[in-house]
Amino acid sequence: MTLMEAIGGTDITQYMDQYREAMEAVSSAKAAGVEPPEMEAPAEPKGKVVDLMAALQDSVRAAKKSRGEETGDETEVHEISGRRPTPKKTAAKKTAAKKTSASRKKTAAAKKSSRK
């Protein structure tokens, strides 16, 4: 399988690695002891920049309108306070088992008898 077949028949020979070519020119100039060539500024991107959030909102609005729902153009504004509510602290669980009143009485009786 050739590279052309692997990438779906696209001819990649038309594309150039401009960064690699520029770095090779700089490194060969430095190796020769010559000042590296000035690099030209990259071209401005061509094409239209799309606001994806606005496009999504328009799409949702159009879908709601087609279903007969309210579009919700009138939005409610809720003021958010700058402070977060403090979380309630929960009591720590005790790991030791509580003694029953019967075992307390036995312990108290044993202490009295040992003191005599």
# chains A, B, ... in the order shown; residues from 1 in each chain; ligands from 1
call {"tool": "residues_around", "arguments": {"residues": "region 13-24 of chain A", "least_positions_apart": "6", "cutoff": "12 Å", "atoms": "only C-alpha atoms", "output": "PyMOL selection string"}}
result
chain A and resi 3-4+30-31+36-40+42
call {"tool": "atom_distance", "arguments": {"atom1": "CA of Glu69 (chain A)", "atom2": "CA of Gln57 (chain A)"}}
result
14.7 Å
call {"tool": "decode", "arguments": {"residues": "region 26-47 of chain A", "atoms": "N, CA and C atoms", "output": "CSV table (one decimal), in the first residue's frame"}}
result
chain,number,residue,atom,x,y,z
A,26,VAL,N,17.8,29.0,8.1
A,26,VAL,CA,18.5,29.6,9.2
A,26,VAL,C,19.7,28.8,9.7
A,27,SER,N,19.5,27.5,9.8
A,27,SER,CA,20.7,26.7,10.3
A,27,SER,C,21.8,26.7,9.3
A,28,SER,N,21.5,26.6,8.0
A,28,SER,CA,22.6,26.6,7.0
A,28,SER,C,23.3,28.0,7.0
A,29,ALA,N,22.5,29.1,7.2
A,29,ALA,CA,23.2,30.4,7.2
A,29,ALA,C,24.1,30.5,8.4
A,30,LYS,N,23.6,30.0,9.6
A,30,LYS,CA,24.5,30.1,10.8
A,30,LYS,C,25.7,29.2,10.6
A,31,ALA,N,25.6,28.1,10.0
A,31,ALA,CA,26.7,27.2,9.8
A,31,ALA,C,27.7,27.8,8.8
A,32,ALA,N,27.3,28.6,7.9
A,32,ALA,CA,28.2,29.3,7.0
A,32,ALA,C,28.7,30.6,7.5
A,33,GLY,N,28.2,31.0,8.7
A,33,GLY,CA,28.7,32.2,9.4
A,33,GLY,C,28.1,33.5,8.8
A,34,VAL,N,26.9,33.3,8.1
A,34,VAL,CA,26.3,34.4,7.5
A,34,VAL,C,25.0,34.8,8.3
A,35,GLU,N,24.6,36.0,8.2
A,35,GLU,CA,23.4,36.5,8.9
A,35,GLU,C,22.2,35.7,8.4
A,36,PRO,N,21.3,35.2,9.2
A,36,PRO,CA,20.1,34.4,8.7
A,36,PRO,C,19.2,35.4,7.9
A,37,PRO,N,18.5,34.8,6.9
A,37,PRO,CA,17.6,35.7,6.1
A,37,PRO,C,16.4,36.1,6.9
A,38,GLU,N,15.9,37.3,6.6
A,38,GLU,CA,14.7,37.8,7.2
A,38,GLU,C,13.5,37.0,6.8
A,39,MET,N,12.7,36.7,7.8
A,39,MET,CA,11.5,35.9,7.5
A,39,MET,C,10.4,36.8,7.2
A,40,GLU,N,9.6,36.5,6.3
A,40,GLU,CA,8.4,37.3,6.0
A,40,GLU,C,7.3,37.0,7.0
A,41,ALA,N,6.5,38.0,7.2
A,41,ALA,CA,5.4,37.8,8.2
A,41,ALA,C,4.4,36.8,7.6
A,42,PRO,N,3.7,36.0,8.4
A,42,PRO,CA,2.8,35.0,7.9
A,42,PRO,C,1.6,35.8,7.3
A,43,ALA,N,1.0,35.2,6.3
A,43,ALA,CA,-0.1,35.8,5.6
A,43,ALA,C,-1.4,35.8,6.5
A,44,GLU,N,-2.2,36.8,6.4
A,44,GLU,CA,-3.4,36.9,7.2
A,44,GLU,C,-4.3,35.7,6.8
A,45,PRO,N,-5.0,35.2,7.8
A,45,PRO,CA,-5.8,34.0,7.5
A,45,PRO,C,-7.0,34.5,6.5
A,46,LYS,N,-7.3,33.6,5.6
A,46,LYS,CA,-8.3,33.9,4.7
A,46,LYS,C,-9.6,33.2,5.1
A,47,GLY,N,-10.7,33.8,5.0
A,47,GLY,CA,-11.9,33.1,5.3
A,47,GLY,C,-12.7,34.0,6.3
